[in-house]
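Trainee: Sharing a structure, written as structure tokens. Questions coming.
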Amino acid sequence: MSFVSRRIQSLNNRVFKRIGREEIREALVRLGLSAGDRVYAHVSMRRIGYVTGGPAEVAGAILDVIGTEGTLMMAAWPSAEPARHDPAEVFDVAASPSRSGLVSEAVRTMPSALRSLHPLASVACVGQMARDLVEGHEACETPFGEKSPYGRLASSSAKLLLVGAHLGGLLYHVLDRVGFPNLYDRPARPFEVRDAGGHYRRINSPTLRAIPPVVILPGSRPENRDYLLVPDYALMFPSERERRVMEAGYLRFNRSRFLGRRERLQSRGILTPGRVGGSEAALLDGARMIEQVCADLAWDIARFKEEYDADHLSRLSLPVF
């Protein structure tokens, strides 16, 4: 979306799509969010509309619903894309802003928030499980693995809240979990960080490889193979992405597998659809959703592991959006 069209949409939201904290809270309850829930959220402020009070009111509405017994976790990466993080940049856990969205930054700056000390893949958490989730992230073997905050949350009966956005940073946990080819560059590299006490430390972590984020899908011949962006493989969300995916030339031969997947997840009780303000929204059973995607993804990547080469995928010039 161009700057001009974003500006027009912003003005339109201010006039016609104003929404407050109470309305957001009511919409979340209708979706099925409730007290005590552990939730991973990925929210598009632009799609919600004009929120009176800004991103902090969206975060506050989520916390109002889940209460003191619940936990909210959001990605709080210091770079918009971990694969493009500058290794020379010092990560200050207390001061480096989150580049993972406006609501994420609002959560990070809350007085009660805790942030994990990982220079590539940090998360911000508020609530009962916050400390258990963030502690030791910097010592994990991989940024998104089983023992990372993403893996810990995924194994804790969490819910996934999507508001105008896909699964976000949790997708990297899915890729890590199935052993996605060439996901990381090794050996680990050193990064300088500044912890909450103001002390400088050196942390070693494998980095993510900057390769096109696509899954290769079967075809009877090499020229009939399909490609699909990882976010759309997990779930084409919001629904407007279906049109964009088709127009971009994806899913020429595997449409039946992925079109209508949202409806199938809904019929199994994994996904509950709704709206928050002007945006399409969904609440998902995290464990069942991740289990479903991981099973499918492991089956697909096993067929073409040798083709997940950065040079090969880059030559395909696939559109990323």
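To be explicit about the labels: the chains of the structure tokens are called A, B, and onward in the order shown, and within each one the residues are counted from 1, while ligands get numbers from 1 in the order they are shown.
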Please report as a Markdown table every residue of region 44-91 of chain A lying within 8 Å of region 263-282 of chain A, along with the nearest atom pair and their distance in Å (one decimal), using only C-alpha atoms.
Mentor:
| residue | atom | partner | partner_atom | distance |
| --- | --- | --- | --- | --- |
| A:Arg47 | CA | A:Ser279 | CA | 5.1 |
| A:Ile48 | CA | A:Ser279 | CA | 4.7 |
| A:Gly49 | CA | A:Gly278 | CA | 5.7 |
Trainee: Store the residues of this selection in a file with N, CA, C and O atoms, as a CSV table (one decimal), in the first residue's frame.
Mentor:
chain,number,residue,atom,x,y,z
A,47,ARG,N,-5.9,-1.5,10.4
A,47,ARG,CA,-7.2,-2.1,10.0
A,47,ARG,C,-8.3,-2.0,11.0
A,47,ARG,O,-9.5,-2.0,10.7
A,48,ILE,N,-8.0,-1.8,12.3
A,48,ILE,CA,-9.0,-1.6,13.3
A,48,ILE,C,-9.8,-0.3,13.1
A,48,ILE,O,-11.0,-0.3,13.2
A,49,GLY,N,-9.1,0.7,12.7
A,49,GLY,CA,-9.7,2.0,12.6
A,49,GLY,C,-9.1,3.0,13.5
A,49,GLY,O,-8.0,2.8,14.1
Trainee: What are the nearest atom pairs, with distances in Å to one decimal, for all residues of region 31-112 of chain A that come at most 9 Å from region 139-155 of chain A, using only C-alpha atoms, set out by chain and rising residue number as CSV?
Mentor:
residue,atom,partner,partner_atom,distance
A:Arg38,CA,A:Leu153,CA,7.8
A:Val39,CA,A:Leu153,CA,8.2
A:Tyr40,CA,A:Leu153,CA,7.9
A:Met73,CA,A:Leu153,CA,8.4
Trainee: List the spatial neighbours of Glu89 (chain A) as a compact mmCIF listing (two decimals) with N, CA and C atoms, in the first residue's frame - criterion: any atom at most 12 Å away, only C-alpha atoms, same-chain residues fewer than 5 positions off excluded.
Mentor:
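So the final result, stored in out.txt, reads:
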# COMPACT_ATOMS: atom_id res chain seq x y z
N PRO A 78 13.59 -5.84 17.89
CA PRO A 78 14.21 -4.53 17.69
C PRO A 78 14.38 -4.17 16.22
N SER A 79 14.20 -5.14 15.32
CA SER A 79 14.20 -4.90 13.88
C SER A 79 12.91 -5.43 13.30
N ARG A 84 17.06 -9.47 8.96
CA ARG A 84 17.77 -8.29 8.46
C ARG A 84 18.29 -7.41 9.59
N SER A 96 15.46 -0.14 23.52
CA SER A 96 15.28 -0.38 22.09
C SER A 96 13.79 -0.55 21.80
N PRO A 119 18.55 -10.52 21.26
CA PRO A 119 18.81 -9.41 20.35
C PRO A 119 18.06 -9.49 19.02
N LEU A 120 17.52 -10.66 18.66
CA LEU A 120 16.81 -10.81 17.39
C LEU A 120 15.32 -10.99 17.56
N PRO A 190 28.06 -13.46 17.70
CA PRO A 190 27.97 -12.69 18.95
C PRO A 190 27.19 -11.39 18.74
N PHE A 191 26.35 -11.05 19.72
CA PHE A 191 25.62 -9.79 19.73
C PHE A 191 25.83 -9.12 21.07
N GLU A 192 25.94 -7.79 21.04
CA GLU A 192 26.08 -7.05 22.29
C GLU A 192 24.70 -6.59 22.74
N VAL A 193 24.40 -6.81 24.01
CA VAL A 193 23.11 -6.40 24.57
C VAL A 193 23.34 -5.64 25.87
N ARG A 194 22.34 -4.86 26.22
CA ARG A 194 22.36 -4.16 27.51
C ARG A 194 21.14 -4.64 28.28
Trainee: For Leu161 (chain A), list every protein, DNA or RNA residue within 12 Å, evaluated using only C-alpha atoms, and leave out those in the same chain fewer than 2 positions away; present the list as an MDAnalysis selection string.
Mentor: chainID A and resid 27:29 31:34 37:44 59 62 72:74 158:159 163:168 170 237 271:276 280:286 289
Trainee: Please provide as a list in words all residues within 12 Å of Pro111 (chain A), with the sequence filter that same-chain residues fewer than 5 positions apart are discarded (counting only C-alpha atoms).
Mentor: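 Neighbouring residues, sequence-local ones excluded: Ala94, Ala106, Ala124, Cys125, Val126 and Gly127 of chain A.
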Trainee: Provide the CA of Arg243 (chain A) to CA of Gly219 (chain A) distance in Å, to one decimal place.
Mentor: 22.0 Å
Trainee: Rounded to one decimal in Å, what is the spacing between CA of Leu229 (chain A) and CA of Pro213 (chain A)?
Mentor: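 Between CA of Leu229 (chain A) and CA of Pro213 (chain A) the gap is 5.7 Å.
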Trainee: Work out how far apart CA of Arg189 (chain A) and CA of Ser314 (chain A) are and give it in Å to one decimal.
Mentor: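 About the pair CA of Arg189 (chain A) and CA of Ser314 (chain A): they are 24.0 Å apart.
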Trainee: From a backbone DSSP assignment, name each residue in region 77-248 of chain A labelled strand (DSSP E), as an MDAnalysis selection string.
Mentor: chainID A and resid 91:92 114:115 123:127 159:163 184:194 200:208 214:217 226:229
Trainee: When you look at Gly53 (chain A) with a cut-off of 12 Å (counting only C-alpha atoms), what residues show up, excluding the ones that are within fewer than 4 positions of it in the same chain? I need them as a CSV table (one decimal) with all heavy atoms, in the first residue's frame.
Mentor:
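Below you can see around.csv, which holds the result:
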chain,number,residue,atom,x,y,z
A,18,ARG,N,-14.1,5.3,14.1
A,18,ARG,CA,-13.6,5.6,15.5
A,18,ARG,C,-14.1,4.5,16.4
A,18,ARG,O,-15.3,4.1,16.3
A,18,ARG,CB,-14.1,7.0,15.9
A,18,ARG,CG,-13.6,8.1,15.0
A,18,ARG,CD,-14.2,9.4,15.5
A,18,ARG,NE,-13.5,9.9,16.7
A,18,ARG,CZ,-12.5,10.7,16.7
A,18,ARG,NH1,-11.9,11.1,15.5
A,18,ARG,NH2,-11.9,11.1,17.8
A,19,ILE,N,-13.2,4.1,17.3
A,19,ILE,CA,-13.6,3.0,18.3
A,19,ILE,C,-12.8,3.3,19.6
A,19,ILE,O,-11.7,3.8,19.6
A,19,ILE,CB,-13.2,1.7,17.7
A,19,ILE,CG1,-13.7,0.5,18.6
A,19,ILE,CG2,-11.8,1.5,17.4
A,19,ILE,CD1,-13.6,-0.8,18.0
A,20,GLY,N,-13.5,2.9,20.7
A,20,GLY,CA,-12.8,3.1,22.0
A,20,GLY,C,-12.5,1.8,22.7
A,20,GLY,O,-12.9,0.7,22.2
A,21,ARG,N,-11.9,1.9,23.8
A,21,ARG,CA,-11.5,0.7,24.6
A,21,ARG,C,-12.7,-0.2,25.0
A,21,ARG,O,-12.5,-1.4,24.9
A,21,ARG,CB,-10.8,1.2,25.9
A,21,ARG,CG,-10.3,0.1,26.8
A,21,ARG,CD,-9.3,0.7,27.7
A,21,ARG,NE,-8.8,-0.2,28.7
A,21,ARG,CZ,-7.7,0.1,29.5
A,21,ARG,NH1,-7.0,1.2,29.3
A,21,ARG,NH2,-7.2,-0.8,30.4
A,22,GLU,N,-13.8,0.4,25.4
A,22,GLU,CA,-14.9,-0.4,25.8
A,22,GLU,C,-15.5,-1.3,24.6
A,22,GLU,O,-15.8,-2.4,24.7
A,22,GLU,CB,-16.0,0.4,26.3
A,22,GLU,CG,-17.3,-0.3,26.7
A,22,GLU,CD,-17.0,-1.3,27.8
A,22,GLU,OE1,-16.1,-1.1,28.7
A,22,GLU,OE2,-17.8,-2.3,27.9
A,45,MET,N,-3.1,-2.0,13.8
A,45,MET,CA,-3.8,-0.8,14.2
A,45,MET,C,-4.5,-0.2,13.0
A,45,MET,O,-5.6,0.4,13.1
A,45,MET,CB,-2.9,0.2,14.8
A,45,MET,CG,-2.5,-0.1,16.2
A,45,MET,SD,-3.9,0.0,17.4
A,45,MET,CE,-4.2,1.8,17.3
A,49,GLY,N,-9.1,0.7,12.7
A,49,GLY,CA,-9.7,2.0,12.6
A,49,GLY,C,-9.1,3.0,13.5
A,49,GLY,O,-8.0,2.8,14.1
A,57,GLU,N,-4.7,1.7,24.3
A,57,GLU,CA,-6.1,1.3,24.6
A,57,GLU,C,-6.4,-0.1,24.1
A,57,GLU,O,-7.2,-0.8,24.7
A,57,GLU,CB,-7.0,2.3,24.1
A,57,GLU,CG,-6.9,3.7,24.8
A,57,GLU,CD,-7.2,3.6,26.3
A,57,GLU,OE1,-8.4,3.5,26.6
A,57,GLU,OE2,-6.3,3.6,27.1
A,58,VAL,N,-5.8,-0.5,23.0
A,58,VAL,CA,-6.0,-1.8,22.4
A,58,VAL,C,-5.4,-2.8,23.4
A,58,VAL,O,-6.0,-3.8,23.8
A,58,VAL,CB,-5.4,-2.0,21.0
A,58,VAL,CG1,-5.6,-3.4,20.5
A,58,VAL,CG2,-6.0,-1.0,20.1
A,59,ALA,N,-4.1,-2.6,23.8
A,59,ALA,CA,-3.5,-3.5,24.7
A,59,ALA,C,-4.2,-3.5,26.0
A,59,ALA,O,-4.4,-4.6,26.6
A,59,ALA,CB,-2.0,-3.0,24.9
A,60,GLY,N,-4.7,-2.4,26.5
A,60,GLY,CA,-5.4,-2.3,27.7
A,60,GLY,C,-6.7,-3.1,27.7
A,60,GLY,O,-7.1,-3.7,28.7
A,61,ALA,N,-7.4,-3.1,26.5
A,61,ALA,CA,-8.6,-3.8,26.4
A,61,ALA,C,-8.4,-5.3,26.5
A,61,ALA,O,-9.2,-6.1,27.1
A,61,ALA,CB,-9.3,-3.5,25.0
A,103,VAL,N,1.0,-1.8,18.7
A,103,VAL,CA,0.4,-2.3,20.0
A,103,VAL,C,1.5,-3.0,20.7
A,103,VAL,O,1.6,-3.0,22.0
A,103,VAL,CB,-0.7,-3.3,19.7
A,103,VAL,CG1,-1.3,-3.9,21.0
A,103,VAL,CG2,-1.9,-2.6,18.9
A,106,ALA,N,3.4,-0.5,22.6
A,106,ALA,CA,2.6,-0.1,23.8
A,106,ALA,C,2.7,-1.1,24.9
A,106,ALA,O,2.8,-0.7,26.1
A,106,ALA,CB,1.1,0.1,23.4
Trainee: Have a look at A:Gln292, A:Pro181, A:Leu208, A:Met110 and name the one nearest to Tyr233 (chain A); count only C-alpha atoms.
Mentor: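 Of the candidates, the smallest distance to Tyr233 (chain A) is held by A:Gln292.
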